[in-house]
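Asks: Structure supplied as entry-v2.cif; contents: mmCIF, C-alpha atoms.
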data_work
loop_
_atom_site.label_atom_id
_atom_site.label_comp_id
_atom_site.auth_asym_id
_atom_site.auth_seq_id
_atom_site.Cartn_x
_atom_site.Cartn_y
_atom_site.Cartn_z
CA MET A 11 -34.06 62.43 -43.80
CA PRO A 12 -36.28 63.91 -41.04
CA LEU A 13 -39.98 63.69 -41.70
CA PRO A 14 -41.97 66.96 -42.15
CA PHE A 15 -44.49 65.74 -39.58
CA LYS A 16 -44.62 63.72 -36.40
CA ILE A 17 -45.98 60.17 -36.49
CA PRO A 18 -48.14 59.37 -33.45
CA GLN A 19 -47.01 56.40 -31.39
CA SER A 20 -49.39 53.72 -32.59
CA ALA A 21 -49.26 50.16 -33.83
CA LYS A 22 -51.17 51.06 -37.01
CA PRO A 23 -49.32 51.47 -40.33
CA TYR A 24 -48.98 54.93 -41.85
CA ARG A 25 -48.82 55.52 -45.61
CA PHE A 26 -46.77 58.32 -47.10
CA CYS A 27 -44.96 59.01 -50.37
CA SER A 28 -41.38 59.84 -51.22
CA LEU A 29 -41.20 63.28 -52.84
CA SER A 30 -38.76 61.97 -55.44
CA SER A 31 -40.31 58.64 -56.43
CA LYS A 32 -43.96 59.14 -55.42
CA LYS A 33 -43.94 55.49 -54.33
CA PRO A 34 -45.98 54.75 -51.21
CA TYR A 35 -44.20 53.46 -48.14
CA TYR A 36 -45.59 51.97 -44.96
CA PHE A 37 -44.07 52.74 -41.59
CA VAL A 38 -45.10 50.92 -38.42
CA CYS A 39 -44.53 52.41 -35.00
CA SER A 40 -45.13 50.68 -31.72
CA SER A 41 -45.81 52.50 -28.48
CA SER A 42 -44.76 49.51 -26.40
CA SER A 43 -41.12 48.71 -25.68
CA THR A 44 -42.11 45.09 -24.98
CA SER A 45 -43.65 44.43 -28.35
CA THR A 46 -43.49 40.81 -29.46
CA THR A 47 -43.14 41.72 -33.13
CA SER A 48 -40.43 43.31 -35.25
CA SER A 49 -41.27 45.92 -37.89
CA THR A 50 -39.89 46.75 -41.32
CA ILE A 51 -40.20 49.50 -43.94
CA SER A 52 -40.81 48.30 -47.46
CA PRO A 53 -41.95 50.02 -50.67
CA VAL A 54 -45.15 48.73 -52.25
CA GLY A 55 -46.62 49.11 -55.70
CA GLY A 56 -44.91 50.28 -58.86
CA GLY A 57 -42.78 47.15 -59.17
CA GLY A 58 -41.17 47.61 -55.75
CA ARG A 59 -40.72 44.99 -53.09
CA LYS A 60 -43.75 43.73 -51.21
CA ARG A 61 -44.29 45.04 -47.72
CA VAL A 62 -42.99 42.60 -45.10
CA ARG A 63 -45.44 41.83 -42.33
CA ASN A 64 -44.46 42.11 -38.70
CA ARG A 65 -42.53 39.01 -37.60
CA LYS A 66 -43.68 37.25 -34.45
CA LEU A 67 -40.80 36.73 -32.04
CA ASN A 68 -39.69 33.21 -31.21
CA PRO A 69 -40.30 31.91 -27.68
CA GLY A 70 -37.47 33.20 -25.49
CA GLU A 71 -36.11 35.55 -28.18
CA LYS A 72 -36.21 38.64 -25.96
CA GLU A 73 -34.06 36.86 -23.35
CA GLY A 74 -31.35 35.77 -25.80
CA ILE A 75 -30.28 33.01 -28.14
CA VAL A 76 -29.68 30.50 -25.32
CA GLU A 77 -33.26 30.89 -24.14
CA GLU A 78 -34.45 30.32 -27.70
CA MET A 79 -32.38 27.12 -27.76
CA ARG A 80 -33.95 26.08 -24.47
CA PHE A 81 -37.45 26.26 -25.93
CA VAL A 82 -36.34 24.21 -28.94
CA SER A 83 -34.75 21.64 -26.63
CA MET A 84 -37.92 21.43 -24.54
CA ARG A 85 -39.92 20.55 -27.65
CA LEU A 86 -37.37 17.91 -28.59
CA ARG A 87 -37.40 16.39 -25.12
CA THR A 88 -41.20 16.24 -25.17
CA SER A 89 -41.25 14.47 -28.53
CA ASP A 90 -38.70 11.91 -27.29
CA ALA A 91 -40.41 11.26 -23.95
CA ASN A 92 -42.11 8.02 -24.92
CA GLU A 93 -38.95 6.56 -26.44
CA ALA A 94 -36.93 7.56 -23.39
CA SER A 95 -39.45 5.90 -21.05
CA ALA A 96 -39.26 2.64 -22.98
CA THR A 97 -35.46 2.73 -22.94
CA THR A 98 -35.28 3.43 -19.21
CA ALA A 99 -37.46 0.43 -18.43
CA THR A 100 -34.86 -1.96 -19.91
CA TRP A 101 -31.75 0.10 -19.26
CA GLN A 102 -28.83 -2.20 -18.42
CA PRO A 103 -25.33 -0.74 -18.87
CA SER A 104 -22.31 -2.87 -19.76
CA MET A 105 -18.64 -2.24 -19.09
CA GLU A 106 -17.84 -2.62 -22.78
CA GLY A 107 -20.51 -0.09 -23.72
CA PHE A 108 -19.46 2.34 -20.99
CA LEU A 109 -15.85 2.30 -22.18
CA ASN A 110 -17.01 2.96 -25.74
CA TYR A 111 -19.06 5.88 -24.44
CA LEU A 112 -16.12 7.36 -22.55
CA VAL A 113 -13.75 7.00 -25.52
CA ASP A 114 -16.20 8.61 -27.96
CA SER A 115 -17.02 11.36 -25.47
CA LYS A 116 -13.32 12.12 -25.09
CA LEU A 117 -12.98 12.51 -28.86
CA VAL A 118 -15.92 14.92 -29.03
CA PHE A 119 -14.71 17.04 -26.11
CA GLU A 120 -11.18 17.10 -27.52
CA THR A 121 -12.64 18.35 -30.80
CA LEU A 122 -14.57 21.13 -29.10
CA GLU A 123 -11.53 22.25 -27.14
CA ARG A 124 -9.19 22.13 -30.12
CA ILE A 125 -11.54 24.13 -32.34
CA VAL A 126 -12.01 27.02 -29.93
CA GLU A 127 -8.33 27.04 -29.00
CA ASP A 128 -6.82 26.89 -32.48
CA SER A 129 -9.37 28.70 -34.64
CA THR A 130 -8.54 32.13 -36.04
CA ASP A 131 -12.21 33.10 -35.77
CA VAL A 132 -12.33 35.67 -32.96
CA THR A 133 -15.81 34.47 -32.01
CA TYR A 134 -14.31 31.36 -30.41
CA VAL A 135 -11.93 33.32 -28.18
CA TYR A 136 -14.76 33.83 -25.68
CA PHE A 137 -15.08 30.07 -25.18
CA ARG A 138 -11.47 29.13 -24.48
CA ARG A 139 -10.51 27.66 -21.11
CA THR A 140 -14.01 28.01 -19.65
CA GLY A 141 -13.30 25.52 -16.88
CA LEU A 142 -15.85 23.10 -18.32
CA GLU A 143 -13.32 21.20 -20.44
CA ARG A 144 -13.58 17.42 -20.07
CA SER A 145 -10.92 15.77 -22.24
CA ALA A 146 -8.16 15.87 -19.59
CA SER A 147 -10.49 14.32 -17.00
CA LEU A 148 -11.49 11.59 -19.43
CA SER A 149 -7.83 10.85 -20.13
CA LYS A 150 -7.30 10.25 -16.40
CA ASP A 151 -10.33 7.96 -16.22
CA LEU A 152 -9.29 5.89 -19.22
CA LYS A 153 -5.79 5.56 -17.78
CA TRP A 154 -7.30 4.23 -14.56
CA PHE A 155 -9.41 1.69 -16.48
CA LYS A 156 -6.30 0.51 -18.31
CA GLN A 157 -4.48 0.06 -15.01
CA GLN A 158 -7.35 -2.17 -13.87
CA GLY A 159 -6.75 -4.44 -16.86
CA PHE A 160 -9.46 -3.22 -19.21
CA VAL A 161 -8.76 -2.90 -22.93
CA ILE A 162 -9.43 0.66 -24.11
CA PRO A 163 -11.21 0.59 -27.50
CA GLN A 164 -10.68 2.92 -30.42
CA PRO A 165 -13.32 5.60 -31.07
CA SER A 166 -16.41 4.16 -32.73
CA SER A 167 -18.62 5.54 -35.47
CA PRO A 168 -20.90 7.75 -33.30
CA GLY A 169 -17.89 9.62 -31.89
CA THR A 170 -15.92 9.96 -35.13
CA VAL A 171 -18.99 11.07 -37.08
CA TYR A 172 -19.89 13.73 -34.53
CA ALA A 173 -16.31 14.99 -34.19
CA SER A 174 -15.99 15.27 -37.96
CA TYR A 175 -19.31 17.08 -38.19
CA LEU A 176 -18.25 19.60 -35.52
CA ALA A 177 -14.94 20.33 -37.24
CA ASP A 178 -16.66 20.94 -40.56
CA LEU A 179 -19.43 23.04 -39.03
CA ALA A 180 -16.99 25.26 -37.13
CA GLU A 181 -15.45 26.34 -40.44
CA LYS A 182 -18.82 27.16 -41.98
CA SER A 183 -20.84 28.82 -39.23
CA ALA A 184 -19.78 29.93 -35.74
CA PRO A 185 -23.40 30.34 -34.51
CA SER A 186 -24.28 26.81 -35.63
CA PHE A 187 -21.15 25.33 -34.04
CA LEU A 188 -21.74 27.19 -30.78
CA CYS A 189 -25.21 25.66 -30.54
CA HIS A 190 -23.52 22.26 -30.29
CA PHE A 191 -20.80 23.63 -28.01
CA TYR A 192 -23.29 24.87 -25.44
CA ASN A 193 -25.70 21.95 -25.71
CA ILE A 194 -22.96 19.34 -25.27
CA TYR A 195 -21.76 20.89 -22.01
CA PHE A 196 -25.30 21.57 -20.83
CA ALA A 197 -26.41 18.00 -21.55
CA HIS A 198 -23.39 16.52 -19.77
CA LEU A 199 -23.88 18.67 -16.69
CA TYR A 200 -27.65 18.26 -16.36
CA GLY A 201 -28.16 14.76 -17.75
CA GLY A 202 -24.85 13.04 -18.32
CA CYS A 203 -23.76 13.28 -14.71
CA GLU A 204 -26.88 11.48 -13.48
CA ILE A 205 -26.42 8.78 -16.10
CA GLY A 206 -22.78 8.45 -15.04
CA ARG A 207 -23.73 8.17 -11.38
CA GLN A 208 -26.13 5.30 -12.11
CA VAL A 209 -23.62 3.50 -14.31
CA CYS A 210 -20.85 3.84 -11.74
CA GLU A 211 -23.13 2.43 -9.04
CA LYS A 212 -23.89 -0.61 -11.18
CA LEU A 213 -20.45 -1.26 -12.65
CA LEU A 214 -17.85 0.40 -10.42
CA LEU A 215 -19.27 0.03 -6.91
CA GLY A 216 -20.08 3.74 -6.80
CA ARG A 217 -16.65 5.06 -7.79
CA LYS A 218 -16.98 8.65 -9.08
CA LEU A 219 -14.95 9.25 -12.22
CA GLU A 220 -13.02 12.43 -12.99
CA PHE A 221 -15.38 12.96 -15.93
CA TYR A 222 -18.04 13.97 -13.43
CA LYS A 223 -15.89 16.31 -11.32
CA TRP A 224 -15.03 19.99 -11.81
CA GLU A 225 -12.74 22.46 -10.13
CA GLY A 226 -15.16 25.09 -8.94
CA ASP A 227 -18.91 25.46 -9.45
CA ALA A 228 -19.78 23.90 -12.81
CA GLN A 229 -23.15 25.64 -12.95
CA LYS A 230 -21.48 29.04 -12.59
CA LEU A 231 -18.98 28.09 -15.29
CA LEU A 232 -21.83 27.20 -17.61
CA LYS A 233 -23.57 30.46 -16.70
CA ASN A 234 -20.50 32.37 -17.89
CA VAL A 235 -20.63 30.51 -21.21
CA ARG A 236 -24.34 31.24 -21.51
CA GLU A 237 -23.82 34.96 -20.92
CA ASN A 238 -21.05 35.18 -23.52
CA LEU A 239 -23.17 33.32 -26.03
CA ASN A 240 -26.13 35.63 -25.45
CA LYS A 241 -23.93 38.70 -25.89
CA LEU A 242 -22.59 37.40 -29.19
CA GLY A 243 -26.07 36.42 -30.30
CA GLU A 244 -27.22 40.02 -30.03
CA HIS A 245 -25.07 40.79 -33.07
CA TRP A 246 -26.13 37.82 -35.20
CA PRO A 247 -28.63 38.35 -38.02
CA ARG A 248 -31.90 36.47 -37.70
CA ILE A 249 -30.92 34.00 -40.41
CA ALA A 250 -27.79 33.00 -38.44
CA LYS A 251 -29.86 32.54 -35.28
CA ASN A 252 -32.34 30.34 -37.13
CA LYS A 253 -29.50 28.13 -38.39
CA CYS A 254 -28.21 27.90 -34.84
CA LEU A 255 -31.63 26.75 -33.59
CA LYS A 256 -31.91 24.12 -36.32
CA GLU A 257 -28.68 22.55 -35.07
CA ALA A 258 -30.28 21.77 -31.70
CA ALA A 259 -32.05 18.73 -33.15
CA LYS A 260 -28.80 17.46 -34.66
CA SER A 261 -27.02 17.96 -31.36
CA PHE A 262 -29.68 15.87 -29.61
CA LYS A 263 -29.44 13.12 -32.20
CA LEU A 264 -25.65 12.89 -32.41
CA SER A 265 -25.09 13.13 -28.66
CA GLY A 266 -27.82 10.58 -28.06
CA GLN A 267 -26.09 8.07 -30.31
CA ILE A 268 -22.99 8.29 -28.13
CA VAL A 269 -24.97 7.87 -24.90
CA ARG A 270 -26.68 4.77 -26.31
CA LEU A 271 -23.28 3.10 -26.59
CA ILE A 272 -23.52 2.43 -22.84
CA ILE A 273 -26.22 -0.19 -23.41
CA LEU A 274 -25.51 -1.10 -27.04
CA SER A 275 -23.56 -4.32 -26.42
CA ASN A 276 -26.39 -5.69 -24.25
CA ASN A 277 -28.91 -5.16 -27.05
CA GLN A 278 -26.95 -6.69 -29.91
#
For the file at hand, write its structure as structure tokens.
Replies:
Amino acid sequence: MPLPFKIPQSAKPYRFCSLSSKKPYYFVCSSSSTSTTSSTISPVGGGGRKRVRNRKLNPGEKEGIVEEMRFVSMRLRTSDANEASATTATWQPSMEGFLNYLVDSKLVFETLERIVEDSTDVTYVYFRRTGLERSASLSKDLKWFKQQGFVIPQPSSPGTVYASYLADLAEKSAPSFLCHFYNIYFAHLYGGCEIGRQVCEKLLLGRKLEFYKWEGDAQKLLKNVRENLNKLGEHWPRIAKNKCLKEAAKSFKLSGQIVRLIILSNNQ
């Protein structure tokens, strides 16, 4: 219903009463289009709901859900810096561990690809055949290892646990699943490839595996995924976005357990 007066553009709250209920309401207007808070209208007094204070925006929120995830990931990387430094100092890959890593990675990527391809949830349609898919490349690499006489192991606990978790999460919450989807590809492109390069130099005389090759510009392919995710995120309620952000820590943990397989056999 149109108001009988004009509210000046100000950040201060205005108090007025409904003609029917006489209950006071507060209305907050902001004169700035770049405000870092969100406003609500809530009845107060007379047994009504309490007025909700302005909510401070999360870091990166104005840029999109992927930028919010980036800030969360930055905090996680900072908290893990000391542990990572200690690990790097004694980092010695083994062929057995590397094969376990490749097998478990293949299972996780196969799970991601199968979920977005087979799901009836229309949200996942935007993430089919992105060009980032890795399972086919890993199949080629594992076939090559077998031809060289190596025994290919079965997936180990880190891979099966993560794959099972992804399958279950995809049924419950698309935003939460897509947090893992994006972070897994991002982590492989911007961290996994460097790890792979170092391992291949130590164990394979510098041979570059198919796992670390793409047809086309992988960064542009990831950019397309990022843009689609941000567009979808614009329609998610805040509670769904918060659940998505909470999954970032789990993604770090579960992916990290698979990466550690590369050196696990040397530390047992």
Asks: Provide the CA of Arg248 in chain A to CA of Cys189 in chain A distance in Å, to one decimal place.
Replies: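 A separation of 14.6 Å between them.
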Asks: Would you write out, as an mmCIF file with C-alpha atoms, keeping the file's coordinate frame, every residue that the PyMOL selection byres ((chain A and resi 164-175) around 8) captures in this file?
Replies:
data_model
loop_
_atom_site.group_PDB
_atom_site.id
_atom_site.type_symbol
_atom_site.label_atom_id
_atom_site.label_comp_id
_atom_site.auth_asym_id
_atom_site.auth_seq_id
_atom_site.Cartn_x
_atom_site.Cartn_y
_atom_site.Cartn_z
ATOM 1 C CA ASN A 110 -17.010 2.960 -25.740
ATOM 2 C CA VAL A 113 -13.750 7.000 -25.520
ATOM 3 C CA ASP A 114 -16.200 8.610 -27.960
ATOM 4 C CA SER A 115 -17.020 11.360 -25.470
ATOM 5 C CA LEU A 117 -12.980 12.510 -28.860
ATOM 6 C CA VAL A 118 -15.920 14.920 -29.030
ATOM 7 C CA THR A 121 -12.640 18.350 -30.800
ATOM 8 C CA ILE A 162 -9.430 0.660 -24.110
ATOM 9 C CA PRO A 163 -11.210 0.590 -27.500
ATOM 10 C CA LEU A 176 -18.250 19.600 -35.520
ATOM 11 C CA ALA A 177 -14.940 20.330 -37.240
ATOM 12 C CA ASP A 178 -16.660 20.940 -40.560
ATOM 13 C CA LEU A 179 -19.430 23.040 -39.030
ATOM 14 C CA LEU A 264 -25.650 12.890 -32.410
ATOM 15 C CA SER A 265 -25.090 13.130 -28.660
ATOM 16 C CA GLN A 267 -26.090 8.070 -30.310
ATOM 17 C CA ILE A 268 -22.990 8.290 -28.130
#
Asks: I'd like the contact shell of Leu219 in chain A - 9 Å cut-off, all atoms listed in the file, skipping same-chain residues fewer than 4 positions apart - returned as a PyMOL selection string.
Replies: chain A and resi 147-148+150-151+206-207+210+223
Asks: Need the shell around Phe262 in chain A: protein/DNA/RNA residues with any atom at most 9 Å away, counting only C-alpha atoms. Skip same-chain ones fewer than 2 positions apart. Format as a list of chain:residue names?
Replies: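 Selected residues are A:Ser83, A:Leu86, A:Arg87, A:His190, A:Asn193, A:Ile194, A:Ala197, A:Glu257, A:Ala258, A:Ala259, A:Lys260, A:Leu264, A:Ser265, A:Gly266, A:Gln267.
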Asks: In Å, rounded to a single decimal, give me how far CA of Glu143 in chain A is from CA of Glu211 in chain A.
Replies: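 Straight-line distance from CA of Glu211 in chain A to CA of Glu143 in chain A works out to 24.1 Å.
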Asks: What separation in Å, quoted to one decimal, exists between CA of Ile249 in chain A and CA of Arg124 in chain A?
Replies: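 Separation between CA of Ile249 in chain A and CA of Arg124 in chain A: 26.8 Å.
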Asks: I need the residue nearest His245 in chain A from this list: A:Asn64, A:Ser149, A:Thr133, A:Ser104. Use all atoms listed in the file for the distance.
Replies: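 Counting all atoms listed in the file, the residue closest to His245 in chain A is A:Thr133.
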Asks: Neighbours of Arg139 in chain A within 9 Å (all atoms listed in the file; same-chain residues fewer than 4 positions away dropped), as a list in words?
Replies: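 Residues meeting the cut-off are Glu123, Val126, Glu127 and Glu143 of chain A.
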Asks: Write the residues of the preceding selection, restricted to C-alpha atoms, as a tab-separated table (two decimals), in the frame of the given file.
Replies:
chain	number	residue	atom	x	y	z
A	123	GLU	CA	-11.53	22.25	-27.14
A	126	VAL	CA	-12.01	27.02	-29.93
A	127	GLU	CA	-8.33	27.04	-29.00
A	143	GLU	CA	-13.32	21.20	-20.44
Asks: Can you pull out every residue within 12 Å of Phe160 in chain A, counting all atoms listed in the file, but drop anything in the same chain fewer than 5 positions away, and send it as a ChimeraX atom specification?
Replies: /A:105-106,108-110,151-155
Asks: Given the file above and the PyMOL selection byres ((chain A and resi 235) around 12), which residues are selected, and can you give them as a PyMOL selection string?
Replies: chain A and resi 76+134-143+188-189+191-193+195-196+228-234+236-242
Asks: Just want the 12 Å neighbourhood of Pro247 in chain A, counted on only C-alpha atoms, with same-chain residues fewer than 6 positions away dropped. Output as a ChimeraX atom specification.
Replies: /A:75,185,253-254
Asks: Save the residues we just selected, C-alpha atoms, as a PDB file, in the coordinates of the input?
Replies:
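Written file, selection.pdb:
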ATOM      1  CA  ILE A  75     -30.280  33.010 -28.140  1.00  0.00           C
ATOM      2  CA  PRO A 185     -23.400  30.340 -34.510  1.00  0.00           C
ATOM      3  CA  LYS A 253     -29.500  28.130 -38.390  1.00  0.00           C
ATOM      4  CA  CYS A 254     -28.210  27.900 -34.840  1.00  0.00           C
TER       5      CYS A 254
END
Asks: Could you tell me which residues the PyMOL selection byres ((chain A and resi 205) around 12) returns for this structure, as a tab-separated table (two decimals) with C-alpha atoms, in the frame of the given file?
Replies:
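Written file, out03.tsv:
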chain	number	residue	atom	x	y	z
A	98	THR	CA	-35.28	3.43	-19.21
A	101	TRP	CA	-31.75	0.10	-19.26
A	102	GLN	CA	-28.83	-2.20	-18.42
A	103	PRO	CA	-25.33	-0.74	-18.87
A	108	PHE	CA	-19.46	2.34	-20.99
A	111	TYR	CA	-19.06	5.88	-24.44
A	197	ALA	CA	-26.41	18.00	-21.55
A	198	HIS	CA	-23.39	16.52	-19.77
A	199	LEU	CA	-23.88	18.67	-16.69
A	200	TYR	CA	-27.65	18.26	-16.36
A	201	GLY	CA	-28.16	14.76	-17.75
A	202	GLY	CA	-24.85	13.04	-18.32
A	203	CYS	CA	-23.76	13.28	-14.71
A	204	GLU	CA	-26.88	11.48	-13.48
A	206	GLY	CA	-22.78	8.45	-15.04
A	207	ARG	CA	-23.73	8.17	-11.38
A	208	GLN	CA	-26.13	5.30	-12.11
A	209	VAL	CA	-23.62	3.50	-14.31
A	210	CYS	CA	-20.85	3.84	-11.74
A	211	GLU	CA	-23.13	2.43	-9.04
A	212	LYS	CA	-23.89	-0.61	-11.18
A	218	LYS	CA	-16.98	8.65	-9.08
A	221	PHE	CA	-15.38	12.96	-15.93
A	222	TYR	CA	-18.04	13.97	-13.43
A	269	VAL	CA	-24.97	7.87	-24.90
A	270	ARG	CA	-26.68	4.77	-26.31
A	272	ILE	CA	-23.52	2.43	-22.84
A	273	ILE	CA	-26.22	-0.19	-23.41
Asks: Measuring atom to atom with all atoms listed in the file, identify which of A:Glu244, A:Glu77, A:Glu225, A:Asp131 is nearest to Lys182 in chain A.
Replies: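 Of A:Glu244, A:Glu77, A:Glu225, A:Asp131, the one nearest Lys182 in chain A, counting all atoms listed in the file, is A:Asp131.
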